[in-house]
>>> print(open('structure.txt').read())   # compact mmCIF, C-alpha atoms
# COMPACT_ATOMS: atom_id res chain seq x y z
CA VAL X 51 0.00 0.00 0.00
CA TYR X 52 1.21 3.50 -0.83
CA LEU X 53 -0.30 6.60 0.81
CA ALA X 54 0.31 9.96 -0.85
CA SER X 55 -1.39 13.03 -2.28
CA SER X 56 -1.44 14.91 -5.56
CA ASN X 57 -0.32 18.49 -6.01
CA ALA X 58 -3.41 19.43 -8.05
CA VAL X 59 -6.54 17.91 -9.57
CA THR X 60 -8.22 19.33 -12.65
CA ARG X 61 -12.01 19.52 -12.86
CA ASP X 62 -11.98 16.70 -15.42
CA GLY X 63 -10.16 14.45 -12.93
CA GLN X 64 -6.52 14.57 -14.02
CA LEU X 65 -4.09 14.16 -11.14
CA VAL X 66 -1.16 16.53 -11.63
CA ASN X 67 2.10 16.18 -9.74
CA ILE X 68 5.50 17.86 -9.79
CA ASP X 69 8.48 16.10 -8.27
CA GLY X 70 12.20 16.67 -7.92
CA THR X 71 13.51 13.12 -8.33
CA GLY X 72 10.41 11.17 -9.36
CA ASN X 73 10.38 8.75 -6.44
CA ARG X 74 7.03 9.97 -5.08
CA VAL X 75 5.23 10.06 -8.41
CA ALA X 76 6.75 6.80 -9.67
CA ALA X 77 5.29 4.94 -6.70
CA MET X 78 1.84 6.20 -7.68
CA PHE X 79 1.82 4.31 -10.95
CA ASP X 80 4.60 1.73 -10.63
CA GLY X 81 4.80 0.90 -6.95
CA PRO X 82 2.43 -1.02 -4.69
CA LYS X 83 -0.72 -2.29 -6.37
CA GLN X 84 -2.92 -0.37 -3.91
CA VAL X 85 -2.46 3.42 -3.81
CA TYR X 86 -4.47 5.83 -1.68
CA LEU X 87 -4.32 9.53 -2.55
CA VAL X 88 -5.74 11.84 0.10
CA ILE X 89 -6.36 15.17 -1.60
CA SER X 90 -7.57 18.43 -0.10
CA HIS X 91 -10.42 20.30 -1.78
CA SER X 92 -8.03 23.28 -1.98
CA LYS X 93 -6.04 21.41 -4.66
CA LEU X 94 -8.96 21.31 -7.12
CA THR X 95 -8.35 23.62 -10.07
CA GLU X 96 -10.97 25.04 -12.42
CA GLY X 97 -8.79 24.99 -15.52
CA GLY X 98 -6.79 22.27 -17.21
CA MET X 99 -3.18 21.21 -17.01
CA ASN X 100 -1.71 24.74 -17.30
CA THR X 101 -3.84 25.99 -14.42
CA ALA X 102 -2.90 22.98 -12.31
CA VAL X 103 0.84 23.44 -12.94
CA ALA X 104 0.55 27.17 -12.21
CA ARG X 105 -1.19 26.38 -8.90
CA ILE X 106 1.57 23.96 -7.95
CA LYS X 107 4.41 26.34 -8.85
CA GLN X 108 2.77 29.33 -7.11
CA GLN X 109 1.52 27.62 -3.96
CA ALA X 110 2.95 24.15 -3.37
CA CYS X 111 6.55 24.47 -4.54
CA PRO X 112 7.52 27.60 -2.57
CA ALA X 113 6.02 26.26 0.68
CA ASN X 114 7.53 22.81 0.20
CA ALA X 115 10.96 24.21 -0.77
CA ARG X 116 11.00 26.32 2.40
CA ARG X 117 9.93 23.31 4.47
CA LEU X 118 12.83 21.30 3.01
CA SER X 119 15.29 24.22 3.41
CA LEU X 120 16.11 24.18 -0.31
CA ASP X 121 18.01 27.04 -1.88
CA THR X 122 15.69 27.74 -4.81
CA PRO X 123 14.22 30.97 -6.20
CA CYS X 124 10.73 29.91 -5.13
CA ALA X 125 11.92 29.24 -1.56
CA ARG X 126 13.64 32.64 -1.37
CA THR X 127 11.08 34.82 -3.16
CA GLY X 128 7.92 32.74 -3.55
CA ILE X 129 8.21 33.03 -7.33
CA CYS X 130 9.19 30.15 -9.60
CA LYS X 131 12.09 31.09 -11.88
CA PRO X 132 13.05 27.97 -13.87
CA SER X 133 15.97 29.74 -15.58
CA GLU X 134 17.54 30.35 -12.15
CA CYS X 135 16.68 27.03 -10.49
CA PHE X 136 19.29 24.31 -10.79
CA GLU X 137 20.72 22.06 -8.10
CA ASP X 138 17.80 21.92 -5.63
CA CYS X 139 15.07 22.19 -8.27
CA MET X 140 11.81 20.54 -7.26
CA CYS X 141 10.23 20.87 -10.71
CA ASN X 142 12.22 18.31 -12.67
CA ILE X 143 9.35 15.91 -13.35
CA ILE X 144 5.74 16.75 -14.15
CA VAL X 145 3.33 13.81 -14.28
CA THR X 146 -0.33 13.79 -15.17
CA LEU X 147 -2.34 10.69 -14.41
CA SER X 148 -5.48 10.60 -16.54
CA ARG X 149 -6.54 6.99 -15.98
CA VAL X 150 -5.52 4.16 -13.71
CA LEU X 151 -3.33 1.61 -15.43
CA LYS X 152 -4.50 -1.98 -15.83
CA GLY X 153 -3.72 -4.05 -12.76
CA ARG X 154 -3.42 -0.99 -10.51
CA ASN X 155 -5.86 0.28 -7.91
CA ILE X 156 -5.82 3.97 -7.00
CA THR X 157 -8.34 5.25 -4.50
CA VAL X 158 -8.77 9.03 -4.37
CA VAL X 159 -10.14 10.45 -1.14
CA LEU X 160 -11.21 14.11 -1.42
CA VAL X 161 -11.14 15.89 1.91
CA GLU X 162 -13.07 19.08 2.65
CA GLU X 163 -10.21 20.42 4.70
CA THR X 164 -7.09 22.36 3.72
CA LEU X 165 -4.23 19.86 3.88
CA GLY X 166 -0.70 20.05 2.52
CA TYR X 167 0.27 22.54 -0.13
>>> encode(input="structure.txt", output="structure tokens")
Amino acid sequence: VYLASSNAVTRDGQLVNIDGTGNRVAAMFDGPKQVYLVISHSKLTEGGMNTAVARIKQQACPANARRLSLDTPCARTGICKPSECFEDCMCNIIVTLSRVLKGRNITVVLVEETLGY
């Protein structure tokens, strides 16, 4: 069993995640057969993929980078600057999960509480 969350969810149900090394997102679709994603209602986005990525880079990445004491532009200023973000970059991998793969079981639990970033 793998317990995690997604960084954003589009209105049409795509789970959007940004990760630095890929270990967290890889486990969602190529790890344990049973995955539970607990997702706050605050991560729902009205637009599509671009809106979801913008939400992650504006809200989740700066807060998470500060929590991890990373030396990134978003941790220092709150603004994502990919051209200035190198060694500690958290935005190396962007994954969108549109459907559950055959043989996998992903349960999404939407919570009406603000959790995570």
>>> atom_distance(input="structure.txt", atom1="atom CA of Gln64 of chain X", atom2="atom CA of Leu147 of chain X")
5.7 Å
>>> residues_around(input="structure.txt", residues="Leu151 of chain X", least_positions_apart="2", cutoff="12 Å", atoms="all atoms listed in the file", output="CSV table (one decimal) with C-alpha atoms, in the frame of the given file")
chain,number,residue,atom,x,y,z
X,78,MET,CA,1.8,6.2,-7.7
X,79,PHE,CA,1.8,4.3,-11.0
X,80,ASP,CA,4.6,1.7,-10.6
X,81,GLY,CA,4.8,0.9,-7.0
X,83,LYS,CA,-0.7,-2.3,-6.4
X,84,GLN,CA,-2.9,-0.4,-3.9
X,85,VAL,CA,-2.5,3.4,-3.8
X,147,LEU,CA,-2.3,10.7,-14.4
X,148,SER,CA,-5.5,10.6,-16.5
X,149,ARG,CA,-6.5,7.0,-16.0
X,153,GLY,CA,-3.7,-4.0,-12.8
X,154,ARG,CA,-3.4,-1.0,-10.5
X,155,ASN,CA,-5.9,0.3,-7.9
X,156,ILE,CA,-5.8,4.0,-7.0
>>> residues_around(input="structure.txt", residues="Leu160 of chain X", least_positions_apart="6", cutoff="12 Å", atoms="only C-alpha atoms", output="PyMOL selection string")
chain X and resi 55-56+58-59+63+86-94
>>> atom_distance(input="structure.txt", atom1="atom CA of Cys124 of chain X", atom2="atom CA of Val159 of chain X")
28.8 Å
>>> closest_residue(input="structure.txt", among="X:Val158, X:Val145, X:Leu53, X:Cys111", to="Gly128 of chain X", atoms="all atoms listed in the file")
X:Cys111
>>> atom_distance(input="structure.txt", atom1="atom CA of Cys135 of chain X", atom2="atom CA of Asn73 of chain X")
19.8 Å
>>> residues_around(input="structure.txt", residues="Gly70 of chain X", least_positions_apart="4", cutoff="10 Å", atoms="only C-alpha atoms", output="PyMOL selection string")
chain X and resi 74-75+138-144
>>> closest_residue(input="structure.txt", among="X:Pro112, X:Arg126, X:Thr157, X:Glu162", to="Val51 of chain X", atoms="all atoms listed in the file")
X:Thr157
>>> closest_residue(input="structure.txt", among="X:Ala77, X:Val66, X:Ala113, X:Ala54", to="Asn100 of chain X", atoms="all atoms listed in the file")
X:Val66
>>> closest_residue(input="structure.txt", among="X:Ala76, X:Lys152, X:Glu163, X:Ile129", to="Ile106 of chain X", atoms="only C-alpha atoms")
X:Ile129
>>> residues_around(input="structure.txt", residues="Ala104 of chain X", least_positions_apart="5", cutoff="10 Å", atoms="all atoms listed in the file", output="PDB file with C-alpha atoms, keeping the file's coordinate frame")
ATOM      1  CA  ALA X  58      -3.410  19.430  -8.050  1.00  0.00           C
ATOM      2  CA  THR X  95      -8.350  23.620 -10.070  1.00  0.00           C
ATOM      3  CA  MET X  99      -3.180  21.210 -17.010  1.00  0.00           C
ATOM      4  CA  GLN X 109       1.520  27.620  -3.960  1.00  0.00           C
ATOM      5  CA  ALA X 110       2.950  24.150  -3.370  1.00  0.00           C
ATOM      6  CA  CYS X 130       9.190  30.150  -9.600  1.00  0.00           C
TER       7      CYS X 130
END
>>> decode(input="structure.txt", residues="segment 107-120 of chain X", atoms="all heavy atoms", output="PDB file, in the first residue's frame")
ATOM      1  N   LYS X 107       3.194  25.517  -8.883  1.00  0.00           N
ATOM      2  CA  LYS X 107       4.406  26.341  -8.845  1.00  0.00           C
ATOM      3  C   LYS X 107       4.234  27.603  -8.001  1.00  0.00           C
ATOM      4  O   LYS X 107       5.195  28.107  -7.427  1.00  0.00           O
ATOM      5  CB  LYS X 107       4.861  26.686 -10.260  1.00  0.00           C
ATOM      6  CG  LYS X 107       5.445  25.467 -10.963  1.00  0.00           C
ATOM      7  CD  LYS X 107       6.095  25.838 -12.259  1.00  0.00           C
ATOM      8  CE  LYS X 107       6.798  24.631 -12.856  1.00  0.00           C
ATOM      9  NZ  LYS X 107       7.716  24.990 -13.920  1.00  0.00           N
ATOM     10  N   GLN X 108       3.005  28.114  -7.899  1.00  0.00           N
ATOM     11  CA  GLN X 108       2.769  29.326  -7.114  1.00  0.00           C
ATOM     12  C   GLN X 108       2.527  29.032  -5.639  1.00  0.00           C
ATOM     13  O   GLN X 108       2.884  29.840  -4.786  1.00  0.00           O
ATOM     14  CB  GLN X 108       1.569  30.092  -7.679  1.00  0.00           C
ATOM     15  CG  GLN X 108       1.839  30.693  -9.031  1.00  0.00           C
ATOM     16  CD  GLN X 108       0.564  31.207  -9.696  1.00  0.00           C
ATOM     17  OE1 GLN X 108      -0.513  31.215  -9.105  1.00  0.00           O
ATOM     18  NE2 GLN X 108       0.687  31.613 -10.944  1.00  0.00           N
ATOM     19  N   GLN X 109       1.898  27.895  -5.341  1.00  0.00           N
ATOM     20  CA  GLN X 109       1.518  27.618  -3.955  1.00  0.00           C
ATOM     21  C   GLN X 109       2.303  26.477  -3.321  1.00  0.00           C
ATOM     22  O   GLN X 109       2.843  26.625  -2.232  1.00  0.00           O
ATOM     23  CB  GLN X 109       0.026  27.317  -3.874  1.00  0.00           C
ATOM     24  CG  GLN X 109      -0.833  28.492  -4.249  1.00  0.00           C
ATOM     25  CD  GLN X 109      -2.308  28.139  -4.274  1.00  0.00           C
ATOM     26  OE1 GLN X 109      -2.733  27.157  -3.695  1.00  0.00           O
ATOM     27  NE2 GLN X 109      -3.095  28.950  -4.956  1.00  0.00           N
ATOM     28  N   ALA X 110       2.349  25.341  -3.986  1.00  0.00           N
ATOM     29  CA  ALA X 110       2.948  24.154  -3.370  1.00  0.00           C
ATOM     30  C   ALA X 110       4.471  24.202  -3.348  1.00  0.00           C
ATOM     31  O   ALA X 110       5.084  23.934  -2.308  1.00  0.00           O
ATOM     32  CB  ALA X 110       2.469  22.899  -4.099  1.00  0.00           C
ATOM     33  N   CYS X 111       5.084  24.504  -4.472  1.00  0.00           N
ATOM     34  CA  CYS X 111       6.555  24.466  -4.540  1.00  0.00           C
ATOM     35  C   CYS X 111       7.237  25.435  -3.578  1.00  0.00           C
ATOM     36  O   CYS X 111       8.154  25.021  -2.851  1.00  0.00           O
ATOM     37  CB  CYS X 111       7.036  24.675  -5.969  1.00  0.00           C
ATOM     38  SG  CYS X 111       6.741  23.229  -7.022  1.00  0.00           S
ATOM     39  N   PRO X 112       6.841  26.704  -3.516  1.00  0.00           N
ATOM     40  CA  PRO X 112       7.518  27.603  -2.570  1.00  0.00           C
ATOM     41  C   PRO X 112       7.406  27.129  -1.115  1.00  0.00           C
ATOM     42  O   PRO X 112       8.402  27.105  -0.387  1.00  0.00           O
ATOM     43  CB  PRO X 112       6.819  28.945  -2.770  1.00  0.00           C
ATOM     44  CG  PRO X 112       6.303  28.887  -4.168  1.00  0.00           C
ATOM     45  CD  PRO X 112       5.896  27.452  -4.372  1.00  0.00           C
ATOM     46  N   ALA X 113       6.214  26.717  -0.701  1.00  0.00           N
ATOM     47  CA  ALA X 113       6.022  26.261   0.679  1.00  0.00           C
ATOM     48  C   ALA X 113       6.817  24.984   0.950  1.00  0.00           C
ATOM     49  O   ALA X 113       7.448  24.841   2.004  1.00  0.00           O
ATOM     50  CB  ALA X 113       4.534  26.027   0.949  1.00  0.00           C
ATOM     51  N   ASN X 114       6.804  24.063   0.014  1.00  0.00           N
ATOM     52  CA  ASN X 114       7.527  22.811   0.199  1.00  0.00           C
ATOM     53  C   ASN X 114       9.042  23.033   0.165  1.00  0.00           C
ATOM     54  O   ASN X 114       9.783  22.419   0.935  1.00  0.00           O
ATOM     55  CB  ASN X 114       7.099  21.801  -0.865  1.00  0.00           C
ATOM     56  CG  ASN X 114       7.305  20.382  -0.408  1.00  0.00           C
ATOM     57  OD1 ASN X 114       7.372  20.091   0.783  1.00  0.00           O
ATOM     58  ND2 ASN X 114       7.407  19.482  -1.357  1.00  0.00           N
ATOM     59  N   ALA X 115       9.519  23.905  -0.703  1.00  0.00           N
ATOM     60  CA  ALA X 115      10.955  24.210  -0.773  1.00  0.00           C
ATOM     61  C   ALA X 115      11.438  24.841   0.534  1.00  0.00           C
ATOM     62  O   ALA X 115      12.521  24.503   1.032  1.00  0.00           O
ATOM     63  CB  ALA X 115      11.249  25.132  -1.951  1.00  0.00           C
ATOM     64  N   ARG X 116      10.635  25.724   1.106  1.00  0.00           N
ATOM     65  CA  ARG X 116      11.002  26.321   2.402  1.00  0.00           C
ATOM     66  C   ARG X 116      11.005  25.254   3.499  1.00  0.00           C
ATOM     67  O   ARG X 116      11.904  25.216   4.339  1.00  0.00           O
ATOM     68  CB  ARG X 116      10.058  27.467   2.748  1.00  0.00           C
ATOM     69  CG  ARG X 116      10.354  28.736   1.951  1.00  0.00           C
ATOM     70  CD  ARG X 116       9.577  29.934   2.454  1.00  0.00           C
ATOM     71  NE  ARG X 116       8.154  29.853   2.179  1.00  0.00           N
ATOM     72  CZ  ARG X 116       7.572  30.272   1.056  1.00  0.00           C
ATOM     73  NH1 ARG X 116       8.305  30.800   0.085  1.00  0.00           N
ATOM     74  NH2 ARG X 116       6.285  30.163   0.881  1.00  0.00           N
ATOM     75  N   ARG X 117      10.011  24.380   3.472  1.00  0.00           N
ATOM     76  CA  ARG X 117       9.935  23.305   4.471  1.00  0.00           C
ATOM     77  C   ARG X 117      11.173  22.415   4.414  1.00  0.00           C
ATOM     78  O   ARG X 117      11.690  21.977   5.441  1.00  0.00           O
ATOM     79  CB  ARG X 117       8.678  22.458   4.229  1.00  0.00           C
ATOM     80  CG  ARG X 117       8.512  21.287   5.184  1.00  0.00           C
ATOM     81  CD  ARG X 117       7.291  20.446   4.842  1.00  0.00           C
ATOM     82  NE  ARG X 117       7.426  19.724   3.598  1.00  0.00           N
ATOM     83  CZ  ARG X 117       8.031  18.538   3.457  1.00  0.00           C
ATOM     84  NH1 ARG X 117       8.575  17.946   4.500  1.00  0.00           N
ATOM     85  NH2 ARG X 117       8.092  17.954   2.275  1.00  0.00           N
ATOM     86  N   LEU X 118      11.665  22.163   3.207  1.00  0.00           N
ATOM     87  CA  LEU X 118      12.829  21.297   3.012  1.00  0.00           C
ATOM     88  C   LEU X 118      14.158  22.049   3.072  1.00  0.00           C
ATOM     89  O   LEU X 118      15.216  21.462   2.863  1.00  0.00           O
ATOM     90  CB  LEU X 118      12.712  20.579   1.664  1.00  0.00           C
ATOM     91  CG  LEU X 118      11.537  19.606   1.547  1.00  0.00           C
ATOM     92  CD1 LEU X 118      11.370  19.151   0.107  1.00  0.00           C
ATOM     93  CD2 LEU X 118      11.719  18.424   2.489  1.00  0.00           C
ATOM     94  N   SER X 119      14.092  23.358   3.343  1.00  0.00           N
ATOM     95  CA  SER X 119      15.287  24.217   3.409  1.00  0.00           C
ATOM     96  C   SER X 119      16.109  24.165   2.129  1.00  0.00           C
ATOM     97  O   SER X 119      17.342  24.124   2.156  1.00  0.00           O
ATOM     98  CB  SER X 119      16.173  23.839   4.611  1.00  0.00           C
ATOM     99  OG  SER X 119      15.461  24.002   5.807  1.00  0.00           O
ATOM    100  N   LEU X 120      15.430  24.181   0.983  1.00  0.00           N
ATOM    101  CA  LEU X 120      16.109  24.183  -0.307  1.00  0.00           C
ATOM    102  C   LEU X 120      16.484  25.605  -0.688  1.00  0.00           C
ATOM    103  O   LEU X 120      15.803  26.559  -0.315  1.00  0.00           O
ATOM    104  CB  LEU X 120      15.213  23.581  -1.389  1.00  0.00           C
ATOM    105  CG  LEU X 120      14.805  22.122  -1.189  1.00  0.00           C
ATOM    106  CD1 LEU X 120      13.900  21.673  -2.324  1.00  0.00           C
ATOM    107  CD2 LEU X 120      16.023  21.217  -1.080  1.00  0.00           C
TER     108      LEU X 120
END
